[in-house]
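> First, the structure itself, so that you have it in front of you.
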Amino acid sequence: MKRQLIKLLLITFICGNVQTTFGAANDSNVDENCPTLANADSLQYTELIQRMTHVCRYDRLERPIEYDQITSKRLPIVVKLRIYVYLLQNLNSDLLQFKMHALLQLSFQDKRLAYKEFAPERHETILGQKHLSERLWLPHIFFANERESSILGTDEKDVLTSISRDGNVIISTRIQASLYCWMNFKKFPFDQQYCSTVLESWMYNTSDLLLEWEDRAPISFDPDMRLTEYNLGQYWHNTSVVLSDEVNMRHGAFQGNYSSLSYTVNLQREIGFYLLDYYLPSMMIVAISWVSFWLQADASPPRIMLGTSTMLSFITLSSSQSKTLPKVSYIKVSEVWFIGCTFFIFGSLVEFAFVNTIWRRKENIELKKVNSKYIIKSTLTPRPSRRQLGGSLSNESRARSCSSLDNIVSSTESVRNGNGTVNPGFNNYLTVHPNLPIIRTECADTLSVCSARSTNDHIVDIDKDKEKEKEKDAPTFTTMTPQEIAMWIDRRSRLLFPGMFLAFNALYWIFVYCF
């Protein structure tokens with residue numbers, strides 16, 4: 001009996017020792033799988049981060065979760081952004097894009113990384129680079145209007161990660177991005193462009209993540225930043241929500257409302273280059289085309305060479321300015337200037353062709369008055385003058401009247417003999433008086449007497465009286481040679497073309513700066 005009791009006590013003692021040994025082994029395994037945070041003040045930063053982000057405490061695939069203290073509802077995490085732009089390259093008008101180098105800063109609260117409770121003596125912020133950010137949960141933010149983007153850096157990417165003792169995480173990244181910007185060139189080169197940068201959440205919708213701008217200086221620019229072709233004007237930021245569905249799949253296969261932030265920059269184009277290299281030379285080319293008005297109308301070689309050379313020079317100048325612009329369907333202000341200058345250069349060529357045609361005419365032109373109305377009308381529709389037309393008709397009638405009167409006179413003289421007595425051998429039903437007056441007419445050109453009679457006869461001059469009455473009523477005409485008309489048109493063109501070009505300039509610049 002005693003032996004059995006002793007054996008029972010030995011078995012109980014041995015079993016107790018075995019359980020104690022296995023329990024200690026299990027506790028050591030647990031400690032190895034989840035390292036303790038005791039004495040965190042004495043740990044190095046790397047070791048502290050490794051223990052805080054251990055899989056037993058931290059899941060980097062799960063976002064930080066907070067609950068409303070009143071409703072116990074799950075709240076979305078708020079991510080605040082700040083952008084510092086230190087390089088903004090000129091807009092590429094052909095590709096409709098611009099390049100930007102900026103510092104993008106994200107900040108959010110992750111209480112799983114707060115270490116003030118188990119490391120109260122640590123007041124410093126934990127700083128690290130890309131390897132530290134790879135152990136943390138990070139919001140996925142992307143540029144919605146990007147063409148391409150990358151993180152800057154030489155040996156290592158320029159990513160700075162900061163963790164405060166309260167669990168506030170700040171991720172700062174130096175990036176370069178080529179962003180799309182829709183441009184309106186209707187008032188080129190007096191245009192101003194509005195280019196936006198849009199950032200959106202890629203993975204989480206508004207129920208899980210909200211993007212907000214920082215309260216203090218959300219957008220800032222390097223004070224030493226300079227642009228060669230534009231001036232940086234105003235800029236503003238905006239917060240919005242983007243809907244993603246089956247039609248607008250800008251966020252992959254996920255549907256819902258996604259938070260979005262954007263800021264817009266106003267860029268005003270510098271016009272000094274275009275004034276000196278395009279507008280002033282084109283004005284001079286147009287003025288050179290007017291030199292042909294001082295050359296003689298029959299000087300064809302110099303006037304043709306001057307007109308064609310100015311036209312080709314202006315077309316070459318205009319084409320060099322439009323090479324960098326996209327082919328748009330609407331009319332730009334620069335094209336209005338091109339059309340206007342081309343019209344004046346082409347007009348000088350047309351004027352030369354007009355006056356040269358008039359110069360080579362051989363007949364003089366009779367004008368009722370020497371003014372623009374009658375000169376242009378007579379040059380455009382050349383026809384016989386009214387005096388020539390009236391003179392030809394009167395000469396015909398006078399010729400016919402002279403021949404009829406000569407017949408009358410010859411018949412009368414044949415009836416009478418030399419003594420004034422009637423020839424008895426002539427039998428006629430017409431009774432002729434012995435003292436019949438002879439009607440004398442004078443031709444307009446020769447002023448010759450068609451038939452004559454003795455001084456005792458009675459003479460009635462009918463045509464002279466009619467001509468006196470017509471001369472009183474007929475208007476006066478002035479004769480100009482074709483050469484005089486061509487020179488008159490050249491003299492008027494010297495004033496007309498510059499005056500019209502000044503009026504065109506006045507309307508053009510008023511429209512550019514007032515509308």
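In the structure tokens, chains take letters A, B, ... by order of appearance, with residues numbered from 1 within each chain and ligands from 1 in the order shown.
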When DSSP works through the backbone of this structure, what residues of stretch 84-236 of chain A end up as alpha helix (DSSP H), shown as an mmCIF file with N, CA and C atoms, in the first residue's frame?


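Contents of selection_29.cif, as written:
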```cif
data_model
loop_
_atom_site.group_PDB
_atom_site.id
_atom_site.type_symbol
_atom_site.label_atom_id
_atom_site.label_comp_id
_atom_site.auth_asym_id
_atom_site.auth_seq_id
_atom_site.Cartn_x
_atom_site.Cartn_y
_atom_site.Cartn_z
ATOM 1 N N LYS A 130 12.184 55.323 -48.355
ATOM 2 C CA LYS A 130 11.228 54.476 -49.064
ATOM 3 C C LYS A 130 11.028 53.140 -48.361
ATOM 4 N N HIS A 131 12.094 52.581 -47.759
ATOM 5 C CA HIS A 131 11.948 51.294 -47.090
ATOM 6 C C HIS A 131 11.004 51.389 -45.896
ATOM 7 N N LEU A 132 10.920 52.548 -45.241
ATOM 8 C CA LEU A 132 9.974 52.712 -44.144
ATOM 9 C C LEU A 132 8.548 52.782 -44.664
ATOM 10 N N SER A 133 8.323 53.507 -45.772
ATOM 11 C CA SER A 133 6.966 53.605 -46.310
ATOM 12 C C SER A 133 6.459 52.271 -46.827
#
```

> Leaving out stretch 322-335 of chain A and any residue of its chain fewer than 4 positions from it, which residues lie within 7 Å of it when counting only C-alpha atoms, given as a list in words?

Ser93, Asp94, Phe185, Lys186, Lys187, Phe188, Pro189, Ser318 and Ile339 of chain A

> Identify all residues of stretch 257-412 of chain A in strand (DSSP E) (DSSP on the backbone) and supply them as an MDAnalysis selection string.

chainID A and resid 257:269 365:367

> Taking only C-alpha atoms into account, which of A:Gln193, A:Val169, A:Phe501, A:Cys34 comes nearest A:Met284?

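Selected residue with least distance to A:Met284: A:Phe501.
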
> To one decimal place in Å, what is the distance between atom CA of A:Arg51 and atom CA of A:Thr36?

7.3 Å

> Report as a ChimeraX atom specification all protein, DNA and RNA residues lying within 6 Å of A:Pro218, evaluated on only C-alpha atoms, omitting residues in the same chain fewer than 3 positions from it.

/A:82,213-214

> Just the residues within 12 Å of A:Ala217, please, counting only C-alpha atoms, with nothing from its chain fewer than 5 positions along; format it as a PyMOL selection string.

chain A and resi 80-84+105+236-237

> Excluding A:Glu200 and its own-chain neighbours fewer than 2 positions away, which residues fall within 7 Å of it when counting only C-alpha atoms? Please give them as a PDB file with N, CA, C and O atoms, in the first residue's frame.


```pdb
ATOM      1  N   ILE A 141      -3.110  57.451 -54.326  1.00  0.00           N
ATOM      2  CA  ILE A 141      -3.547  58.692 -54.970  1.00  0.00           C
ATOM      3  C   ILE A 141      -2.893  58.756 -56.347  1.00  0.00           C
ATOM      4  O   ILE A 141      -1.705  58.440 -56.500  1.00  0.00           O
ATOM      5  N   PHE A 142      -3.655  59.166 -57.362  1.00  0.00           N
ATOM      6  CA  PHE A 142      -3.117  59.260 -58.722  1.00  0.00           C
ATOM      7  C   PHE A 142      -3.568  60.566 -59.366  1.00  0.00           C
ATOM      8  O   PHE A 142      -4.549  61.188 -58.947  1.00  0.00           O
ATOM      9  N   PHE A 143      -2.824  60.967 -60.397  1.00  0.00           N
ATOM     10  CA  PHE A 143      -3.168  62.156 -61.187  1.00  0.00           C
ATOM     11  C   PHE A 143      -4.152  61.725 -62.277  1.00  0.00           C
ATOM     12  O   PHE A 143      -3.803  60.916 -63.154  1.00  0.00           O
ATOM     13  N   ALA A 144      -5.342  62.286 -62.239  1.00  0.00           N
ATOM     14  CA  ALA A 144      -6.376  61.874 -63.187  1.00  0.00           C
ATOM     15  C   ALA A 144      -6.099  62.354 -64.602  1.00  0.00           C
ATOM     16  O   ALA A 144      -6.556  61.732 -65.565  1.00  0.00           O
ATOM     17  N   VAL A 198      -5.375  67.364 -61.308  1.00  0.00           N
ATOM     18  CA  VAL A 198      -6.466  66.654 -60.637  1.00  0.00           C
ATOM     19  C   VAL A 198      -5.901  65.418 -59.960  1.00  0.00           C
ATOM     20  O   VAL A 198      -5.224  64.603 -60.602  1.00  0.00           O
ATOM     21  N   TRP A 202      -7.711  56.171 -55.872  1.00  0.00           N
ATOM     22  CA  TRP A 202      -7.808  55.084 -56.834  1.00  0.00           C
ATOM     23  C   TRP A 202      -8.595  53.895 -56.308  1.00  0.00           C
ATOM     24  O   TRP A 202      -9.421  53.318 -57.004  1.00  0.00           O
ATOM     25  N   SER A 259     -13.394  60.539 -53.982  1.00  0.00           N
ATOM     26  CA  SER A 259     -12.982  61.886 -53.607  1.00  0.00           C
ATOM     27  C   SER A 259     -11.932  62.396 -54.584  1.00  0.00           C
ATOM     28  O   SER A 259     -11.072  61.634 -55.053  1.00  0.00           O
ATOM     29  N   SER A 260     -11.997  63.700 -54.875  1.00  0.00           N
ATOM     30  CA  SER A 260     -11.098  64.302 -55.860  1.00  0.00           C
ATOM     31  C   SER A 260     -10.699  65.696 -55.409  1.00  0.00           C
ATOM     32  O   SER A 260     -11.519  66.450 -54.868  1.00  0.00           O
ATOM     33  N   LEU A 261      -9.439  66.032 -55.649  1.00  0.00           N
ATOM     34  CA  LEU A 261      -8.901  67.368 -55.389  1.00  0.00           C
ATOM     35  C   LEU A 261      -8.280  67.898 -56.673  1.00  0.00           C
ATOM     36  O   LEU A 261      -7.717  67.135 -57.473  1.00  0.00           O
TER      37      LEU A 261
END
```

> Neighbouring residues of A:Arg360 were defined as those with any atom within 12 Å, considering only C-alpha atoms; residues of the same chain fewer than 3 positions away were excluded. Please report them as a VMD selection string.

chain A and resid 297 to 300 353 to 357 363 to 364 481 to 486

> Quick one: of A:Ile376, A:Ile510, A:Met52, A:Met500, who's nearest to A:Phe344, counting only C-alpha atoms?

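When distances to A:Phe344 are compared using only C-alpha atoms, the smallest one comes from A:Met500.
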
> One decimal, in Å: what's the spacing between atom CA of A:Ser162 and atom CA of A:Ile49?

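Answer for the atom CA of A:Ser162 to atom CA of A:Ile49 separation: 11.7 Å.
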
> From the list A:Asn92, A:Phe98, A:Met311, A:Met487, which residue is nearest A:Ala177 when using only C-alpha atoms?

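So, comparing all the options, the nearest one is A:Phe98.
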
> Of the candidates A:Lys116, A:Arg491, A:Arg147, A:Arg122, which shows the shortest atom-to-atom distance to A:Ser372, using only C-alpha atoms?

A:Arg491

> Residues at most 12 Å from A:Arg135, counting only C-alpha atoms, excluding those fewer than 3 positions away in the same chain, as a ChimeraX atom specification?

/A:46,49-55,58-61,113,128-132,138,161

> Could the residues in this selection be saved with N, CA and C atoms as an mmCIF file, in the first residue's frame?


```
data_model
loop_
_atom_site.group_PDB
_atom_site.id
_atom_site.type_symbol
_atom_site.label_atom_id
_atom_site.label_comp_id
_atom_site.auth_asym_id
_atom_site.auth_seq_id
_atom_site.Cartn_x
_atom_site.Cartn_y
_atom_site.Cartn_z
ATOM 1 N N THR A 46 14.791 51.389 -35.834
ATOM 2 C CA THR A 46 14.499 50.281 -36.745
ATOM 3 C C THR A 46 13.801 49.152 -36.009
ATOM 4 N N ILE A 49 10.187 50.185 -35.103
ATOM 5 C CA ILE A 49 9.292 50.115 -36.260
ATOM 6 C C ILE A 49 8.971 48.669 -36.594
ATOM 7 N N GLN A 50 9.956 47.800 -36.533
ATOM 8 C CA GLN A 50 9.704 46.389 -36.827
ATOM 9 C C GLN A 50 8.704 45.785 -35.851
ATOM 10 N N ARG A 51 8.814 46.131 -34.574
ATOM 11 C CA ARG A 51 7.884 45.576 -33.592
ATOM 12 C C ARG A 51 6.485 46.184 -33.743
ATOM 13 N N MET A 52 6.405 47.481 -34.039
ATOM 14 C CA MET A 52 5.081 48.093 -34.187
ATOM 15 C C MET A 52 4.368 47.609 -35.442
ATOM 16 N N THR A 53 5.107 47.322 -36.492
ATOM 17 C CA THR A 53 4.490 46.889 -37.753
ATOM 18 C C THR A 53 4.530 45.376 -37.920
ATOM 19 N N HIS A 54 4.718 44.668 -36.828
ATOM 20 C CA HIS A 54 4.687 43.208 -36.912
ATOM 21 C C HIS A 54 3.281 42.755 -37.294
ATOM 22 N N VAL A 55 3.214 41.595 -37.987
ATOM 23 C CA VAL A 55 1.929 41.116 -38.493
ATOM 24 C C VAL A 55 0.937 40.835 -37.382
ATOM 25 N N TYR A 58 -0.106 44.758 -36.871
ATOM 26 C CA TYR A 58 -0.318 45.731 -37.959
ATOM 27 C C TYR A 58 -0.526 44.983 -39.268
ATOM 28 N N ASP A 59 -1.563 45.354 -39.980
ATOM 29 C CA ASP A 59 -1.856 44.815 -41.313
ATOM 30 C C ASP A 59 -1.789 45.962 -42.308
ATOM 31 N N ARG A 60 -0.771 45.956 -43.153
ATOM 32 C CA ARG A 60 -0.569 47.067 -44.087
ATOM 33 C C ARG A 60 -1.557 47.055 -45.242
ATOM 34 N N LEU A 61 -2.339 45.999 -45.389
ATOM 35 C CA LEU A 61 -3.366 45.966 -46.423
ATOM 36 C C LEU A 61 -4.699 46.529 -45.935
ATOM 37 N N LEU A 113 0.173 53.184 -35.153
ATOM 38 C CA LEU A 113 1.588 53.529 -35.110
ATOM 39 C C LEU A 113 1.919 54.525 -34.011
ATOM 40 N N GLY A 128 12.223 58.190 -41.997
ATOM 41 C CA GLY A 128 12.757 57.126 -42.837
ATOM 42 C C GLY A 128 12.520 57.459 -44.299
ATOM 43 N N GLN A 129 13.003 56.586 -45.164
ATOM 44 C CA GLN A 129 12.864 56.795 -46.587
ATOM 45 C C GLN A 129 11.892 55.772 -47.171
ATOM 46 N N LYS A 130 12.184 55.323 -48.355
ATOM 47 C CA LYS A 130 11.228 54.476 -49.064
ATOM 48 C C LYS A 130 11.028 53.140 -48.361
ATOM 49 N N HIS A 131 12.094 52.581 -47.759
ATOM 50 C CA HIS A 131 11.948 51.294 -47.090
ATOM 51 C C HIS A 131 11.004 51.389 -45.896
ATOM 52 N N LEU A 132 10.920 52.548 -45.241
ATOM 53 C CA LEU A 132 9.974 52.712 -44.144
ATOM 54 C C LEU A 132 8.548 52.782 -44.664
ATOM 55 N N LEU A 138 -0.549 52.923 -47.109
ATOM 56 C CA LEU A 138 -0.523 54.231 -47.757
ATOM 57 C C LEU A 138 -1.736 54.373 -48.655
ATOM 58 N N THR A 161 9.429 59.642 -45.203
ATOM 59 C CA THR A 161 8.339 59.162 -44.362
ATOM 60 C C THR A 161 8.585 59.634 -42.938
#
```

> With distances taken over only C-alpha atoms, which residue among A:Thr264, A:Ser320, A:Ser42, A:Gln109 lies nearest A:Glu66?

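Looking only at the distances to A:Glu66, the closest residue turns out to be A:Gln109.
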